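Printed here is entry19.txt (compact mmCIF, C-alpha atoms):
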# COMPACT_ATOMS: atom_id res chain seq x y z
CA LEU A 1 -43.34 25.75 -38.88
CA ASP A 2 -46.56 26.95 -40.56
CA ASP A 3 -48.23 23.61 -39.80
CA PRO A 4 -50.73 24.18 -36.96
CA GLU A 5 -50.04 20.59 -35.79
CA PHE A 6 -46.34 21.38 -35.26
CA SER A 7 -45.25 21.84 -31.64
CA VAL A 8 -41.84 23.21 -30.71
CA GLY A 9 -42.50 22.28 -27.11
CA TYR A 10 -42.86 18.61 -28.01
CA PHE A 11 -39.41 18.49 -29.60
CA ILE A 12 -37.81 20.38 -26.71
CA VAL A 13 -39.29 17.92 -24.23
CA LYS A 14 -38.19 15.03 -26.44
CA ILE A 15 -34.59 16.31 -26.61
CA ILE A 16 -34.46 16.87 -22.84
CA GLY A 17 -35.90 13.40 -22.30
CA ASN A 18 -33.24 11.84 -24.51
CA ILE A 19 -30.47 13.64 -22.59
CA ILE A 20 -31.87 12.48 -19.25
CA GLU A 21 -32.20 8.91 -20.52
CA LYS A 22 -28.60 8.96 -21.71
CA ALA A 23 -27.42 10.39 -18.40
CA VAL A 24 -29.10 7.49 -16.59
CA THR A 25 -28.24 4.61 -18.93
CA SER A 26 -24.85 5.74 -20.30
CA PRO A 27 -23.48 8.48 -18.04
CA PHE A 28 -19.89 8.04 -19.17
CA ALA A 29 -20.87 8.33 -22.81
CA LEU A 30 -22.49 11.63 -21.92
CA ILE A 31 -19.53 13.13 -20.05
CA GLY A 32 -17.15 11.57 -22.57
CA GLY A 33 -18.10 14.40 -24.87
CA LEU A 34 -16.38 16.79 -22.47
CA ALA A 35 -12.96 15.15 -22.72
CA GLY A 36 -13.29 12.20 -25.08
CA GLY A 37 -13.38 8.53 -24.12
CA GLY A 38 -17.09 7.75 -23.92
CA GLU A 39 -18.07 4.54 -22.18
CA GLU A 40 -14.39 3.56 -21.85
CA LEU A 41 -14.19 6.09 -19.02
CA GLY A 42 -16.42 3.81 -16.96
CA TYR A 43 -13.66 1.37 -15.99
CA ALA A 44 -9.89 0.95 -15.71
CA GLU A 45 -8.11 -2.35 -16.32
CA PHE A 46 -5.04 -3.65 -14.48
CA ASP A 47 -2.42 -6.25 -15.29
CA TYR A 48 -2.98 -9.50 -13.42
CA GLY A 49 -1.64 -9.36 -9.88
CA SER A 50 -0.89 -5.65 -10.16
CA ALA A 51 -2.25 -2.41 -8.73
CA THR A 52 0.04 -0.26 -10.88
CA ILE A 53 -1.52 2.32 -13.20
CA THR A 54 -0.30 1.84 -16.77
CA ASP A 55 0.26 4.70 -19.21
CA GLU A 56 -2.93 3.72 -21.05
CA VAL A 57 -4.99 3.87 -17.86
CA ALA A 58 -3.33 7.14 -16.83
CA GLU A 59 -4.43 8.70 -20.13
CA LYS A 60 -7.99 7.55 -19.47
CA LEU A 61 -7.94 8.89 -15.92
CA ASP A 62 -6.72 12.27 -17.15
CA LYS A 63 -9.80 12.48 -19.38
CA LEU A 64 -12.08 11.42 -16.52
CA ASP A 65 -10.40 13.96 -14.27
CA GLU A 66 -11.02 16.72 -16.80
CA ALA A 67 -14.67 15.70 -17.20
CA LEU A 68 -15.20 15.75 -13.42
CA TYR A 69 -13.51 19.14 -13.21
CA SER A 70 -15.94 20.47 -15.80
CA ARG A 71 -18.91 19.13 -13.83
CA PRO A 72 -18.22 20.07 -10.18
CA LEU A 73 -21.53 18.65 -8.94
CA LEU A 74 -20.68 15.11 -10.05
CA LYS A 75 -19.31 12.58 -7.57
CA LEU A 76 -17.31 9.50 -8.49
CA GLU A 77 -17.64 6.07 -6.89
CA ILE A 78 -14.81 3.57 -7.39
CA GLU A 79 -15.33 -0.17 -6.99
CA GLY A 80 -12.26 -2.42 -7.15
CA HIS A 81 -12.34 -6.01 -8.38
CA ALA A 82 -10.04 -8.97 -8.91
CA ASP A 83 -9.94 -11.93 -11.28
CA THR A 84 -9.89 -15.11 -9.19
CA LEU A 85 -7.92 -17.08 -11.77
CA GLY A 86 -5.75 -14.46 -13.48
CA ASP A 87 -4.89 -12.43 -10.37
CA GLY A 88 -4.77 -15.53 -8.21
CA THR A 89 -2.13 -17.17 -10.41
CA ILE A 90 0.17 -14.13 -10.37
CA LEU A 91 -0.29 -13.56 -6.63
CA LYS A 92 0.60 -17.19 -5.98
CA LYS A 93 3.79 -16.82 -8.04
CA ALA A 94 4.66 -13.66 -6.07
CA LEU A 95 4.16 -15.52 -2.76
CA LEU A 96 6.35 -18.34 -4.06
CA ASP A 97 9.08 -15.85 -4.96
CA ASN A 98 8.82 -14.34 -1.47
CA LYS A 99 9.34 -17.74 0.13
CA ILE A 100 12.53 -18.17 -1.87
CA LYS A 101 13.69 -14.63 -1.07
CA SER A 102 12.97 -15.27 2.61
CA ALA A 103 15.29 -18.28 2.48
CA LYS A 104 18.07 -16.06 1.15
CA LEU A 105 17.28 -13.38 3.73
CA ARG A 106 17.72 -15.90 6.55
CA ASP A 107 20.89 -17.27 4.96
CA ASP A 108 22.34 -13.76 4.71
CA ALA A 109 21.51 -13.18 8.38
CA ARG A 110 23.35 -16.36 9.36
CA LYS A 111 26.35 -15.11 7.39
CA GLY A 112 26.28 -11.84 9.30
CA LEU A 113 25.47 -9.72 6.24
CA PRO A 114 23.74 -6.34 6.70
CA SER A 115 20.00 -6.60 7.22
CA ILE A 116 17.78 -5.46 4.33
CA SER A 117 14.08 -5.76 3.55
CA LEU A 118 12.53 -8.65 1.63
CA GLU A 119 11.71 -6.28 -1.24
CA GLU A 120 15.43 -5.47 -1.61
CA ILE A 121 16.49 -9.10 -1.91
CA VAL A 122 17.67 -10.04 -5.41
CA ILE A 123 18.20 -13.66 -6.43
CA VAL A 124 20.41 -14.09 -9.48
CA PRO A 125 19.83 -17.12 -11.76
CA GLU A 126 22.89 -19.07 -10.59
CA GLU A 127 21.71 -19.04 -6.94
CA TYR A 128 17.99 -19.60 -7.60
CA GLU A 129 18.09 -23.39 -7.21
CA THR A 130 20.06 -23.12 -3.95
CA TYR A 131 17.52 -20.92 -2.24
CA LEU A 132 14.58 -22.75 -3.80
CA ALA A 133 15.95 -25.94 -2.22
CA MET A 134 16.34 -24.16 1.14
CA ALA A 135 12.74 -22.91 1.07
CA TYR A 136 11.55 -26.34 -0.04
CA LYS A 137 13.40 -28.10 2.79
CA GLU A 138 12.15 -25.61 5.39
CA GLU A 139 8.60 -26.65 4.50
CA GLY A 140 9.47 -30.26 5.42
CA LEU A 141 8.63 -31.52 1.94
CA PRO A 142 9.92 -34.90 0.67
CA GLU A 143 13.23 -35.08 -1.17
CA PRO A 144 12.64 -34.42 -4.88
CA GLU A 145 13.33 -37.26 -7.29
CA GLY A 146 14.03 -37.49 -10.98
CA ASP A 147 15.77 -35.18 -13.43
CA LYS A 148 13.41 -32.21 -13.03
CA LYS A 149 14.13 -31.35 -9.42
CA VAL A 150 13.65 -27.61 -9.86
CA GLU A 151 10.19 -28.05 -11.39
CA GLU A 152 9.26 -30.57 -8.69
CA MET A 153 10.40 -28.26 -5.89
CA GLU A 154 8.58 -25.30 -7.44
CA LYS A 155 5.37 -27.29 -7.68
CA GLY A 156 5.70 -28.74 -4.19
CA LEU A 157 6.39 -25.33 -2.68
CA SER A 158 3.62 -23.73 -4.70
CA ASP A 159 1.16 -26.34 -3.42
CA THR A 160 1.78 -25.11 0.13
CA ILE A 161 0.56 -21.63 -0.84
CA THR A 162 -3.08 -20.61 -0.80
CA VAL A 163 -4.30 -17.33 -2.24
CA THR A 164 -7.32 -16.37 -0.15
CA ASP A 165 -10.29 -14.16 -0.93
CA ASP A 166 -8.79 -11.69 1.53
CA ASP A 167 -5.61 -11.53 -0.59
CA LEU A 168 -7.67 -10.82 -3.70
CA ARG A 169 -9.90 -8.36 -1.85
CA GLN A 170 -6.83 -6.47 -0.66
CA LEU A 171 -5.58 -6.27 -4.26
CA ALA A 172 -8.99 -4.99 -5.38
CA TYR A 173 -8.91 -2.32 -2.66
CA GLN A 174 -5.36 -1.29 -3.62
CA ARG A 175 -6.51 -0.80 -7.20
CA ALA A 176 -9.39 1.43 -6.16
CA SER A 177 -7.09 3.38 -3.81
CA VAL A 178 -4.40 4.11 -6.39
CA ILE A 179 -7.07 5.35 -8.82
CA ARG A 180 -8.48 7.68 -6.14
CA ASP A 181 -5.03 8.96 -5.23
CA TYR A 182 -4.14 9.57 -8.88
CA ILE A 183 -7.26 11.68 -9.49
CA ILE A 184 -6.87 13.64 -6.25
CA ALA A 185 -3.20 14.33 -7.01
CA SER A 186 -4.16 16.44 -10.02
CA GLY A 187 -5.75 18.99 -7.69
CA LYS A 188 -8.77 19.39 -9.97
CA VAL A 189 -11.21 17.17 -8.07
CA GLU A 190 -11.80 17.48 -4.32
CA LYS A 191 -11.31 14.27 -2.34
CA GLU A 192 -14.80 14.73 -0.88
CA ARG A 193 -16.21 13.94 -4.34
CA ILE A 194 -14.53 10.55 -4.60
CA PHE A 195 -15.73 7.45 -2.74
CA LEU A 196 -14.38 3.92 -2.47
CA LEU A 197 -17.14 1.31 -2.57
CA GLU A 198 -17.07 -2.10 -0.96
CA PRO A 199 -17.52 -4.40 -3.99
CA LYS A 200 -20.78 -6.31 -4.09
CA SER A 201 -18.74 -9.28 -5.30
CA LEU A 202 -15.01 -9.89 -5.67
CA MET A 203 -15.42 -10.71 -9.36
CA PRO A 204 -17.12 -7.93 -11.34
CA GLU A 205 -19.97 -8.31 -13.77
CA ASN A 206 -18.58 -9.98 -16.86
CA ARG A 207 -18.22 -7.59 -19.78
CA GLU A 208 -17.14 -8.67 -23.24
CA ASN A 209 -13.55 -7.78 -24.15
CA ILE A 210 -12.93 -6.19 -20.73
CA LYS A 211 -10.73 -7.85 -18.11
CA ASP A 212 -12.14 -8.76 -14.70
CA SER A 213 -8.95 -7.39 -13.10
CA ARG A 214 -10.25 -3.84 -13.05
CA VAL A 215 -12.05 -1.08 -11.19
CA ASP A 216 -15.51 0.12 -12.19
CA PHE A 217 -16.68 3.72 -11.88
CA GLN A 218 -20.10 5.12 -11.10
CA LEU A 219 -21.23 8.73 -11.34
CA LYS A 220 -23.60 10.29 -8.83
Translate this structure into structure tokens?
Amino acid sequence: LDDPEFSVGYFIVKIIGNIIEKAVTSPFALIGGLAGGGEELGYAEFDYGSATITDEVAEKLDKLDEALYSRPLLKLEIEGHADTLGDGTILKKALLDNKIKSAKLRDDARKGLPSISLEEIVIVPEEYETYLAMAYKEEGLPEPEGDKKVEEMEKGLSDTITVTDDDLRQLAYQRASVIRDYIIASGKVEKERIFLLEPKSLMPENRENIKDSRVDFQLK
């Protein structure tokens, strides 16, 4: 401090500059110090084909929620994404299952059974092949041959199903929406501070060891 060349002002400016640089380049690392989590607060992963918040993601969102509560001027932007292959495969399987459930739903209606929704339909293992065959036949597909009829019917029926970009985009939007609703439900962050973004691309920027079936966050 006795050195005439020493400048306290220089170091103060340097420290402020470092904080500003970190706020711009790694904003979640900066606010992570408020609640823990660091850069991991910048995204939330989902299981393929799902828009359900897991316990692990819920824990992360609670930390993000607390950090936003501590910084009331910050706004959060949420951008949903989908993995074309991973999500697409699971969505296609779900659509296949719905075709088979629909066959049972129509069969129950013909039998005069009480009407229920498709989501309430349960197909037990011993009746699976029956309703798979019904759904397969309703598509006008050729009679299966060989010993692996179930596999052949599943493949033939699956080939009639196309998962579109709109299907994946809807899943991406659902993911962003459930994240927004979860944060708002805490009552700590006003809904006016949270925005859903239209993704620039369906698939997100590839990040090592992070799934593409996720939402990304941005702070403003």
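Between A:Leu157 and the residues A:Glu190, A:Glu59, A:Glu205, A:Asp97, the shortest atom-to-atom distance, using only C-alpha atoms, involves A:Asp97.
The spacing separating atom CA of A:Asp159 from atom CA of A:Leu95 amounts to 11.2 Å.
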### Task
For stretch 177-184 of chain A, please output as a PyMOL selection string all residues within 12 Å (counting only C-alpha atoms; exclusion window: fewer than 5 positions along the same chain).
chain A and resi 43-46+50-54+57-69+75-81+170-172+189-198+214-217
### Query
Could you name the residues that touch stretch 126-135 of chain A at 12 Å or less, counting all atoms listed in the file, but leaving out those on the same chain fewer than 6 positions away, as a PyMOL selection string?
chain A and resi 95-108+141-144+148-158+160
Export of the given selection (C-alpha atoms) as a PDB file, keeping the file's coordinate frame:
ATOM      1  CA  LEU A  95       4.160 -15.520  -2.760  1.00  0.00           C
ATOM      2  CA  LEU A  96       6.350 -18.340  -4.060  1.00  0.00           C
ATOM      3  CA  ASP A  97       9.080 -15.850  -4.960  1.00  0.00           C
ATOM      4  CA  ASN A  98       8.820 -14.340  -1.470  1.00  0.00           C
ATOM      5  CA  LYS A  99       9.340 -17.740   0.130  1.00  0.00           C
ATOM      6  CA  ILE A 100      12.530 -18.170  -1.870  1.00  0.00           C
ATOM      7  CA  LYS A 101      13.690 -14.630  -1.070  1.00  0.00           C
ATOM      8  CA  SER A 102      12.970 -15.270   2.610  1.00  0.00           C
ATOM      9  CA  ALA A 103      15.290 -18.280   2.480  1.00  0.00           C
ATOM     10  CA  LYS A 104      18.070 -16.060   1.150  1.00  0.00           C
ATOM     11  CA  LEU A 105      17.280 -13.380   3.730  1.00  0.00           C
ATOM     12  CA  ARG A 106      17.720 -15.900   6.550  1.00  0.00           C
ATOM     13  CA  ASP A 107      20.890 -17.270   4.960  1.00  0.00           C
ATOM     14  CA  ASP A 108      22.340 -13.760   4.710  1.00  0.00           C
ATOM     15  CA  LEU A 141       8.630 -31.520   1.940  1.00  0.00           C
ATOM     16  CA  PRO A 142       9.920 -34.900   0.670  1.00  0.00           C
ATOM     17  CA  GLU A 143      13.230 -35.080  -1.170  1.00  0.00           C
ATOM     18  CA  PRO A 144      12.640 -34.420  -4.880  1.00  0.00           C
ATOM     19  CA  LYS A 148      13.410 -32.210 -13.030  1.00  0.00           C
ATOM     20  CA  LYS A 149      14.130 -31.350  -9.420  1.00  0.00           C
ATOM     21  CA  VAL A 150      13.650 -27.610  -9.860  1.00  0.00           C
ATOM     22  CA  GLU A 151      10.190 -28.050 -11.390  1.00  0.00           C
ATOM     23  CA  GLU A 152       9.260 -30.570  -8.690  1.00  0.00           C
ATOM     24  CA  MET A 153      10.400 -28.260  -5.890  1.00  0.00           C
ATOM     25  CA  GLU A 154       8.580 -25.300  -7.440  1.00  0.00           C
ATOM     26  CA  LYS A 155       5.370 -27.290  -7.680  1.00  0.00           C
ATOM     27  CA  GLY A 156       5.700 -28.740  -4.190  1.00  0.00           C
ATOM     28  CA  LEU A 157       6.390 -25.330  -2.680  1.00  0.00           C
ATOM     29  CA  SER A 158       3.620 -23.730  -4.700  1.00  0.00           C
ATOM     30  CA  THR A 160       1.780 -25.110   0.130  1.00  0.00           C
TER      31      THR A 160
END
### Task
For atom CA of A:Ile210 and atom CA of A:Gln174, quote the distance in Å rounded to one decimal.
19.3 Å
### Message
My list of candidates is A:Ile161, A:Leu73, A:Ile116, A:Ala82. Which is closest to A:Ala176 when distances are computed with only C-alpha atoms?
### Response
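Counting only C-alpha atoms, the residue closest to A:Ala176 is A:Ala82.
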Centre, x/y/z edge lengths, axis-aligned box for stretch 59-70 of chain A with 3 Å per side, as lines of an AutoDock Vina configuration file:
center_x = -10.2
center_y = 14.0
center_z = -16.7
size_x = 17.5
size_y = 18.9
size_z = 12.9
### Query
Distance atom CA of A:Pro72-atom CA of A:Lys200, one decimal place?
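Distance between the two atoms: 27.2 Å.
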